[in-house]
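**Student:** Quick one: this structure, given as structure tokens, is what I'll be asking you about.
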Amino acid sequence: MKNPEPAAKLEEHTLSALADTSGCLFHGGLKGIEKESLRVDSRGRLSDRAHPDALGSTLTHPEITTDYSEALLEFITPPRQTAAETLEYLNSIQRFVYKNIRDEILWATSMPCLLGKDSDIPIAEYGSSNVGTMKHVYRRGLGYRYGRKMQTIAGVHFNFSLPEKFWPVWRATFGSELDDKGLRSKSYFGLIRNFQRHGWIVPYLFGASPAACSSFLDGRLEGFEKFDEHTIFLPHATSLRMSDIGYKNKAQDSLKISYNDIDSYVQGLWDAIEEPWPEYSKIGVKVDGEYRQLNDHLLQIENEYYSFMRPKNVAESGEKPTLALKRRGVRYIEVRALDVNAFEPAGISLEQLHFLEVFLVYCMLAESPPIDDQERAEINFNQSLVAVRGREPELALKRNGRDVLLRDWADDILAKMRPVAALMDRCEPESPYTAALDRQLAVAADPDLTPSARMLAEMQERGESFFAFALRKSQEHHAAISEQALDAATEQRMQREARDSLAAQAEIEAADTLGFDEYLEHYFSQRLDD
């Protein structure tokens with residue numbers, strides 16, 4: 001009888017086997033952060049200025065770009081082996097940005113404010129090249145489909161991969177007939193399934209968007225309470241960003257993307273990009289000579305599909321992300337369930353990163369059976385419920401067809417993470433992983449310690465609206481980051497990267513030989529069997 005695949009092993013056996021190995025098995029895996037921040041003026045109003053040239057090209061700069069709006073900056077750290085290095089790199093990017101956005105500041109919360117009309121929100125520009133035009137048209141399509149205001153919500157993404165030395169030990173310990181690409185993809189999809197199951201604990205512990213400006217909903221207050229004249233909130237919410245008013249949207253409810261294996265996942269996304277959707281057909285694709293969206297399908301491209309986590313590989317120029325996954329397997333995973341932490345100048349803390357590392361390794365090592373339709377429904381229910389009612393006393397979630405108290409389930413997850421943290425701390429004298437876990441055990445025991453509860457308590461204590469709270473935090477973070485010196489070598493490197501990125505964009509634009517219609521046709525002509 002051949003050995004079962006690693007995903008079928010129980011975590012107790014897995015931990016016992018890995019604990020017998022020598023060396024720092026989990027040291028050296030790669031981490032990266034992608035953090036979004038709105039540029040606003042000193043009064044907290046969305047910037048109407050173009051992306052500063054001093055920050056380089058939004059198309060080609062590897063570390064500073066924009067997300068949906070011209071005013072929604074996105075900072076991307078390169079992969080680093082420790083969370084501390086990753087966070088310091090993010091801080092250095094933000095210090096450079098603050099030196100080059102004049103009197104503007106970065107908004108400190110996920111939920112925006114003072115946006116004005118939907119049409120006033122500027123869509124990000126990426127130049128005149130075909131690839132730049134495609135990025136702009138895709139965002140224009142998002143605006144038509146979901147509204148521009150929803151696209152100004154900011155988040156923090158955490159990219160993570162296990163170290164190379166993990167995989168031979170993983171294979172040798174449990175055995176597998178898969179090749180390296182197959183083993184990694186199968187194992188990462190096991191991690192993803194467990195994150196889907198248990199990932200509600202991330203917005204529960206770290207959610208930081210329980211309130212928003214009432215103007216964000218254009219006066220639609222159904223289902224919400226009024227904190228004050230200008231603020232809507234839910235008293236036990238953790239993350240409105242992760243609720244139906246945020247990144248979740250009903251247009252994608254019909255999608256049943258499977259995480260049971262890489263082939264099913266890729267095929268599900270591919271089918272969604274190929275399927276026309278009547279509601280989007282009404283918008284039109286190219287109207288009066290101008291593109292409103294890339295196509296009228298359920299998804300324009302893969303990135304339109306929102307989920308707590310994405311399997312990723314690096315796509316080559318012009319290559320569809322699904323093809324990159326199919327051809328080269330999963331290289332890393334992207335956690336997308338994090339709000340911008342308003343209490344941290346960087347938007348995320350080192351303690352959060354350490355906790356996430358332990359949680360992700362736990363999700364990798366724990367048993368991870370396939371997700372059936374019933375469990376999929378429970379996962380969606382739990383994720384949505386925690387976003388809007390996560391701190392409610394005696395809140396019950398769904399697990400295996402039964403109700404289970406959130407606090408009991410959280411305690412169970414955190415208890416199972418303890419031996420994982422100890423394993424990861426074997427080569428860490430200060431035991432940062434156990435310390436991070438202990439901190440969240442305290443938070444789970446007292447929900448008033450969560451960022452969402454702290455935000456509402458501070459607003460109440462100071463008599464602040466959400467806007468006043470967010471503006472004050474933004475100004476405090478501006479002062480804290482601006483006071484930190486950026487060393488000369490780093491500043492010179494970033495200035496050079498900005499100049500080089502502008503030159504690279506110009507080269508791309510000069511090299512275009514196809515018209516945009518033909519370019520788009522060629523892009524979407526790629527097939528899964530290519």
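Labels for the structure tokens follow display order: chains A, B, ..., residues from 1 in each chain, ligands from 1.
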Using only C-alpha atoms, determine which residues lie at most 12 Å from range 263-279 of chain A, disregarding the query and same-chain residues fewer than 3 positions distant; provide the list as a ChimeraX atom specification.
**Tutor:** /A:144-146,182,185-186,189,192-193,251-260,282-285,294-307,310-312,320-327,329-330,370,524-529
**Student:** Which residues come within 12 Å of range 481-491 of chain A, counting only C-alpha atoms, excluding same-chain residues fewer than 3 positions away, as a ChimeraX atom specification?
**Tutor:** /A:54-55,88-106,344-347,474-478,494-498
**Student:** As a PDB file with C-alpha atoms, in the first residue's frame, please: the residues near Ala410 in chain A (cut-off 9 Å, only C-alpha atoms, same-chain neighbours under 2 positions excluded).
**Tutor:**
```pdb
ATOM      1  CA  HIS A 198     -10.905  28.806   9.483  1.00  0.00           C
ATOM      2  CA  ILE A 201     -10.618  34.218  12.514  1.00  0.00           C
ATOM      3  CA  LEU A 405     -19.938  29.167  19.389  1.00  0.00           C
ATOM      4  CA  LEU A 406     -17.377  31.390  17.702  1.00  0.00           C
ATOM      5  CA  ARG A 407     -15.383  31.732  20.914  1.00  0.00           C
ATOM      6  CA  ASP A 408     -15.181  27.937  21.331  1.00  0.00           C
ATOM      7  CA  ASP A 412      -9.839  25.337  19.430  1.00  0.00           C
ATOM      8  CA  ILE A 413      -7.963  26.817  16.452  1.00  0.00           C
ATOM      9  CA  LEU A 414      -5.602  28.816  18.650  1.00  0.00           C
ATOM     10  CA  ALA A 415      -4.880  25.818  20.883  1.00  0.00           C
ATOM     11  CA  LEU A 441      -5.386  34.288  22.735  1.00  0.00           C
ATOM     12  CA  ALA A 444     -10.025  36.130  21.569  1.00  0.00           C
TER      13      ALA A 444
END
```
**Student:** So which one's closest to Tyr362 in chain A, A:Met417, A:Leu395, A:Val131, A:Leu350? Using only C-alpha atoms, please.
**Tutor:**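 For Tyr362 in chain A, the nearest of the candidates is A:Met417.
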**Student:** Give me the range 71-99 of chain A side of the contact with range 33-37 of chain A, cut-off 6 Å, one line per residue showing its nearest atom pair and distance in Å at one decimal, counting only C-alpha atoms, sorted by chain and residue number, as a Markdown table.
**Tutor:**
```
| residue | atom | partner | partner_atom | distance |
| --- | --- | --- | --- | --- |
| A:Leu72 | CA | A:Ser37 | CA | 5.6 |
| A:Leu73 | CA | A:Ser37 | CA | 5.2 |
| A:Glu74 | CA | A:Glu36 | CA | 4.3 |
| A:Phe75 | CA | A:Lys35 | CA | 5.2 |
| A:Ile76 | CA | A:Glu34 | CA | 4.5 |
| A:Thr77 | CA | A:Ile33 | CA | 5.5 |
```
**Student:** As a PDB file with N, CA, C and O atoms, in the first residue's frame, list the residues of range 129-346 of chain A assigned to strand (DSSP E) by DSSP on the backbone atoms of this structure.
**Tutor:**
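Here's the written file out_17.pdb:
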```
ATOM      1  N   VAL A 156      -4.813  45.250   3.028  1.00  0.00           N
ATOM      2  CA  VAL A 156      -3.434  44.784   3.099  1.00  0.00           C
ATOM      3  C   VAL A 156      -3.417  43.326   2.685  1.00  0.00           C
ATOM      4  O   VAL A 156      -4.217  42.525   3.187  1.00  0.00           O
ATOM      5  N   HIS A 157      -2.549  42.974   1.754  1.00  0.00           N
ATOM      6  CA  HIS A 157      -2.400  41.584   1.320  1.00  0.00           C
ATOM      7  C   HIS A 157      -1.052  41.061   1.806  1.00  0.00           C
ATOM      8  O   HIS A 157      -0.048  41.784   1.782  1.00  0.00           O
ATOM      9  N   PHE A 158      -1.050  39.815   2.229  1.00  0.00           N
ATOM     10  CA  PHE A 158       0.165  39.175   2.735  1.00  0.00           C
ATOM     11  C   PHE A 158       0.499  37.997   1.835  1.00  0.00           C
ATOM     12  O   PHE A 158      -0.298  37.069   1.686  1.00  0.00           O
ATOM     13  N   ASN A 159       1.674  38.056   1.198  1.00  0.00           N
ATOM     14  CA  ASN A 159       2.138  36.980   0.328  1.00  0.00           C
ATOM     15  C   ASN A 159       3.086  36.068   1.095  1.00  0.00           C
ATOM     16  O   ASN A 159       3.958  36.542   1.824  1.00  0.00           O
ATOM     17  N   PHE A 160       2.922  34.760   0.898  1.00  0.00           N
ATOM     18  CA  PHE A 160       3.647  33.807   1.733  1.00  0.00           C
ATOM     19  C   PHE A 160       3.983  32.547   0.943  1.00  0.00           C
ATOM     20  O   PHE A 160       3.159  32.035   0.183  1.00  0.00           O
ATOM     21  N   ALA A 211     -17.084  50.712  10.984  1.00  0.00           N
ATOM     22  CA  ALA A 211     -17.862  51.923  10.730  1.00  0.00           C
ATOM     23  C   ALA A 211     -17.420  52.540   9.411  1.00  0.00           C
ATOM     24  O   ALA A 211     -16.362  52.213   8.869  1.00  0.00           O
ATOM     25  N   ALA A 212     -18.260  53.435   8.893  1.00  0.00           N
ATOM     26  CA  ALA A 212     -17.942  54.125   7.644  1.00  0.00           C
ATOM     27  C   ALA A 212     -18.708  55.445   7.605  1.00  0.00           C
ATOM     28  O   ALA A 212     -19.661  55.645   8.370  1.00  0.00           O
ATOM     29  N   CYS A 213     -18.283  56.319   6.741  1.00  0.00           N
ATOM     30  CA  CYS A 213     -19.037  57.550   6.520  1.00  0.00           C
ATOM     31  C   CYS A 213     -20.378  57.201   5.867  1.00  0.00           C
ATOM     32  O   CYS A 213     -20.439  56.371   4.957  1.00  0.00           O
ATOM     33  N   GLU A 225     -26.788  50.976  11.668  1.00  0.00           N
ATOM     34  CA  GLU A 225     -27.157  51.920  12.714  1.00  0.00           C
ATOM     35  C   GLU A 225     -26.370  53.211  12.519  1.00  0.00           C
ATOM     36  O   GLU A 225     -25.291  53.211  11.910  1.00  0.00           O
ATOM     37  N   LYS A 226     -26.909  54.295  13.054  1.00  0.00           N
ATOM     38  CA  LYS A 226     -26.231  55.587  12.970  1.00  0.00           C
ATOM     39  C   LYS A 226     -25.425  55.815  14.238  1.00  0.00           C
ATOM     40  O   LYS A 226     -25.976  55.869  15.333  1.00  0.00           O
ATOM     41  N   PHE A 227     -24.131  55.934  14.079  1.00  0.00           N
ATOM     42  CA  PHE A 227     -23.256  56.261  15.209  1.00  0.00           C
ATOM     43  C   PHE A 227     -23.405  57.732  15.553  1.00  0.00           C
ATOM     44  O   PHE A 227     -23.458  58.112  16.723  1.00  0.00           O
ATOM     45  N   ASP A 228     -23.439  58.551  14.518  1.00  0.00           N
ATOM     46  CA  ASP A 228     -23.741  59.976  14.653  1.00  0.00           C
ATOM     47  C   ASP A 228     -24.296  60.431  13.317  1.00  0.00           C
ATOM     48  O   ASP A 228     -24.599  59.616  12.442  1.00  0.00           O
ATOM     49  N   THR A 231     -21.960  59.095  10.454  1.00  0.00           N
ATOM     50  CA  THR A 231     -21.302  57.791  10.540  1.00  0.00           C
ATOM     51  C   THR A 231     -22.320  56.670  10.661  1.00  0.00           C
ATOM     52  O   THR A 231     -23.226  56.729  11.501  1.00  0.00           O
ATOM     53  N   ILE A 232     -22.168  55.634   9.830  1.00  0.00           N
ATOM     54  CA  ILE A 232     -22.953  54.409   9.999  1.00  0.00           C
ATOM     55  C   ILE A 232     -22.018  53.338  10.560  1.00  0.00           C
ATOM     56  O   ILE A 232     -20.803  53.373  10.344  1.00  0.00           O
ATOM     57  N   PHE A 233     -22.598  52.394  11.299  1.00  0.00           N
ATOM     58  CA  PHE A 233     -21.783  51.345  11.890  1.00  0.00           C
ATOM     59  C   PHE A 233     -22.664  50.165  12.248  1.00  0.00           C
ATOM     60  O   PHE A 233     -23.904  50.234  12.172  1.00  0.00           O
ATOM     61  N   LYS A 286     -17.813  48.132 -26.111  1.00  0.00           N
ATOM     62  CA  LYS A 286     -17.258  49.302 -26.795  1.00  0.00           C
ATOM     63  C   LYS A 286     -18.424  50.134 -27.302  1.00  0.00           C
ATOM     64  O   LYS A 286     -19.163  49.715 -28.196  1.00  0.00           O
ATOM     65  N   VAL A 287     -18.618  51.297 -26.686  1.00  0.00           N
ATOM     66  CA  VAL A 287     -19.758  52.144 -26.982  1.00  0.00           C
ATOM     67  C   VAL A 287     -19.261  53.478 -27.521  1.00  0.00           C
ATOM     68  O   VAL A 287     -18.449  54.149 -26.888  1.00  0.00           O
ATOM     69  N   GLU A 290     -15.529  53.901 -27.493  1.00  0.00           N
ATOM     70  CA  GLU A 290     -14.795  53.866 -26.225  1.00  0.00           C
ATOM     71  C   GLU A 290     -15.151  52.598 -25.455  1.00  0.00           C
ATOM     72  O   GLU A 290     -16.323  52.253 -25.325  1.00  0.00           O
ATOM     73  N   TYR A 291     -14.120  51.934 -24.953  1.00  0.00           N
ATOM     74  CA  TYR A 291     -14.340  50.730 -24.166  1.00  0.00           C
ATOM     75  C   TYR A 291     -14.875  51.089 -22.782  1.00  0.00           C
ATOM     76  O   TYR A 291     -14.294  51.914 -22.074  1.00  0.00           O
ATOM     77  N   MET A 309      -8.320  34.284  -0.175  1.00  0.00           N
ATOM     78  CA  MET A 309      -6.947  33.886  -0.497  1.00  0.00           C
ATOM     79  C   MET A 309      -6.862  33.486  -1.964  1.00  0.00           C
ATOM     80  O   MET A 309      -7.801  32.935  -2.517  1.00  0.00           O
ATOM     81  N   ARG A 310      -5.703  33.769  -2.575  1.00  0.00           N
ATOM     82  CA  ARG A 310      -5.473  33.368  -3.963  1.00  0.00           C
ATOM     83  C   ARG A 310      -4.193  32.551  -4.076  1.00  0.00           C
ATOM     84  O   ARG A 310      -3.179  32.910  -3.470  1.00  0.00           O
ATOM     85  N   PRO A 311      -4.230  31.477  -4.853  1.00  0.00           N
ATOM     86  CA  PRO A 311      -2.981  30.810  -5.231  1.00  0.00           C
ATOM     87  C   PRO A 311      -2.333  31.615  -6.342  1.00  0.00           C
ATOM     88  O   PRO A 311      -3.023  32.090  -7.255  1.00  0.00           O
ATOM     89  N   LYS A 312      -1.017  31.790  -6.305  1.00  0.00           N
ATOM     90  CA  LYS A 312      -0.374  32.664  -7.274  1.00  0.00           C
ATOM     91  C   LYS A 312       0.882  32.027  -7.877  1.00  0.00           C
ATOM     92  O   LYS A 312       1.562  31.217  -7.247  1.00  0.00           O
ATOM     93  N   TYR A 332       3.238  30.715  -4.581  1.00  0.00           N
ATOM     94  CA  TYR A 332       2.989  31.299  -3.262  1.00  0.00           C
ATOM     95  C   TYR A 332       1.497  31.550  -3.126  1.00  0.00           C
ATOM     96  O   TYR A 332       0.734  31.372  -4.085  1.00  0.00           O
ATOM     97  N   ILE A 333       1.064  31.925  -1.927  1.00  0.00           N
ATOM     98  CA  ILE A 333      -0.345  32.255  -1.713  1.00  0.00           C
ATOM     99  C   ILE A 333      -0.450  33.710  -1.247  1.00  0.00           C
ATOM    100  O   ILE A 333       0.493  34.272  -0.691  1.00  0.00           O
ATOM    101  N   GLU A 334      -1.612  34.296  -1.514  1.00  0.00           N
ATOM    102  CA  GLU A 334      -1.866  35.700  -1.179  1.00  0.00           C
ATOM    103  C   GLU A 334      -3.064  35.782  -0.247  1.00  0.00           C
ATOM    104  O   GLU A 334      -4.179  35.424  -0.634  1.00  0.00           O
ATOM    105  N   VAL A 335      -2.837  36.225   0.975  1.00  0.00           N
ATOM    106  CA  VAL A 335      -3.904  36.437   1.950  1.00  0.00           C
ATOM    107  C   VAL A 335      -4.517  37.810   1.701  1.00  0.00           C
ATOM    108  O   VAL A 335      -3.816  38.822   1.692  1.00  0.00           O
ATOM    109  N   ARG A 336      -5.842  37.849   1.527  1.00  0.00           N
ATOM    110  CA  ARG A 336      -6.511  39.087   1.145  1.00  0.00           C
ATOM    111  C   ARG A 336      -7.555  39.532   2.171  1.00  0.00           C
ATOM    112  O   ARG A 336      -8.387  40.379   1.888  1.00  0.00           O
ATOM    113  N   ALA A 337      -7.519  38.958   3.378  1.00  0.00           N
ATOM    114  CA  ALA A 337      -8.563  39.187   4.374  1.00  0.00           C
ATOM    115  C   ALA A 337      -8.207  40.244   5.408  1.00  0.00           C
ATOM    116  O   ALA A 337      -8.886  40.365   6.417  1.00  0.00           O
ATOM    117  N   LEU A 338      -7.150  41.012   5.176  1.00  0.00           N
ATOM    118  CA  LEU A 338      -6.669  41.962   6.186  1.00  0.00           C
ATOM    119  C   LEU A 338      -7.125  43.390   5.893  1.00  0.00           C
ATOM    120  O   LEU A 338      -6.904  43.915   4.798  1.00  0.00           O
TER     121      LEU A 338
END
```
**Student:** Would you list the contacts of Met111 in chain A as a list in words, taking every protein, DNA or RNA residue within 8 Å and counting only C-alpha atoms, but skipping same-chain residues closer than 2 positions in sequence?
**Tutor:**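 Here the qualifying residues turn out to be Thr109, Cys113, Thr152, Ile153, Ala154, Ser209, Ala211, Ala212 and Arg241 of chain A.
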**Student:** Can you list every residue in range 4-214 of chain A that DSSP puts in helix (DSSP H, G or I), as a ChimeraX atom specification?
**Tutor:** /A:6-8,11-19,53-55,83-98,118-120,130-146,149-152,166-174,180-198,201-206,214
**Student:** Of the candidates A:Tyr68, A:Phe174, A:Phe26, A:Trp107, which one gets nearest to Ala468 in chain A if we count only C-alpha atoms?
**Tutor:**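 Using only C-alpha atoms, the shortest distance to Ala468 in chain A belongs to A:Trp107.
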**Student:** When distances are computed from only C-alpha atoms, which of A:Lys416, A:Arg80, A:Arg391, A:Lys398 shows the smallest separation from Val358 in chain A?
**Tutor:**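 Distance minimum relative to Val358 in chain A lands on A:Lys416.
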**Student:** Could you give me, as a list in words, the residues within 7 Å of range 448-451 of chain A, counting only C-alpha atoms and dropping anything in the same chain fewer than 5 positions from it?
**Tutor:** Leu205, Phe206, Gly207, Ala208 and Val443 of chain A
**Student:** Output the selection as a PDB file, in the first residue's frame - N, CA, C and O atoms for each residue.
**Tutor:**
```pdb
ATOM      1  N   LEU A 205     -10.083  38.719  14.519  1.00  0.00           N
ATOM      2  CA  LEU A 205      -8.996  39.227  15.356  1.00  0.00           C
ATOM      3  C   LEU A 205      -8.447  40.561  14.863  1.00  0.00           C
ATOM      4  O   LEU A 205      -8.033  41.397  15.672  1.00  0.00           O
ATOM      5  N   PHE A 206      -8.422  40.786  13.543  1.00  0.00           N
ATOM      6  CA  PHE A 206      -7.716  41.934  12.984  1.00  0.00           C
ATOM      7  C   PHE A 206      -8.602  42.897  12.198  1.00  0.00           C
ATOM      8  O   PHE A 206      -8.114  43.912  11.702  1.00  0.00           O
ATOM      9  N   GLY A 207      -9.891  42.577  12.059  1.00  0.00           N
ATOM     10  CA  GLY A 207     -10.777  43.488  11.341  1.00  0.00           C
ATOM     11  C   GLY A 207     -10.752  44.873  11.955  1.00  0.00           C
ATOM     12  O   GLY A 207     -10.758  45.024  13.180  1.00  0.00           O
ATOM     13  N   ALA A 208     -10.728  45.899  11.108  1.00  0.00           N
ATOM     14  CA  ALA A 208     -10.603  47.274  11.608  1.00  0.00           C
ATOM     15  C   ALA A 208     -11.487  48.219  10.803  1.00  0.00           C
ATOM     16  O   ALA A 208     -11.122  49.362  10.538  1.00  0.00           O
ATOM     17  N   VAL A 443      -6.797  38.390  23.016  1.00  0.00           N
ATOM     18  CA  VAL A 443      -7.799  39.131  22.247  1.00  0.00           C
ATOM     19  C   VAL A 443      -9.058  38.286  22.065  1.00  0.00           C
ATOM     20  O   VAL A 443     -10.182  38.778  22.201  1.00  0.00           O
TER      21      VAL A 443
END
```
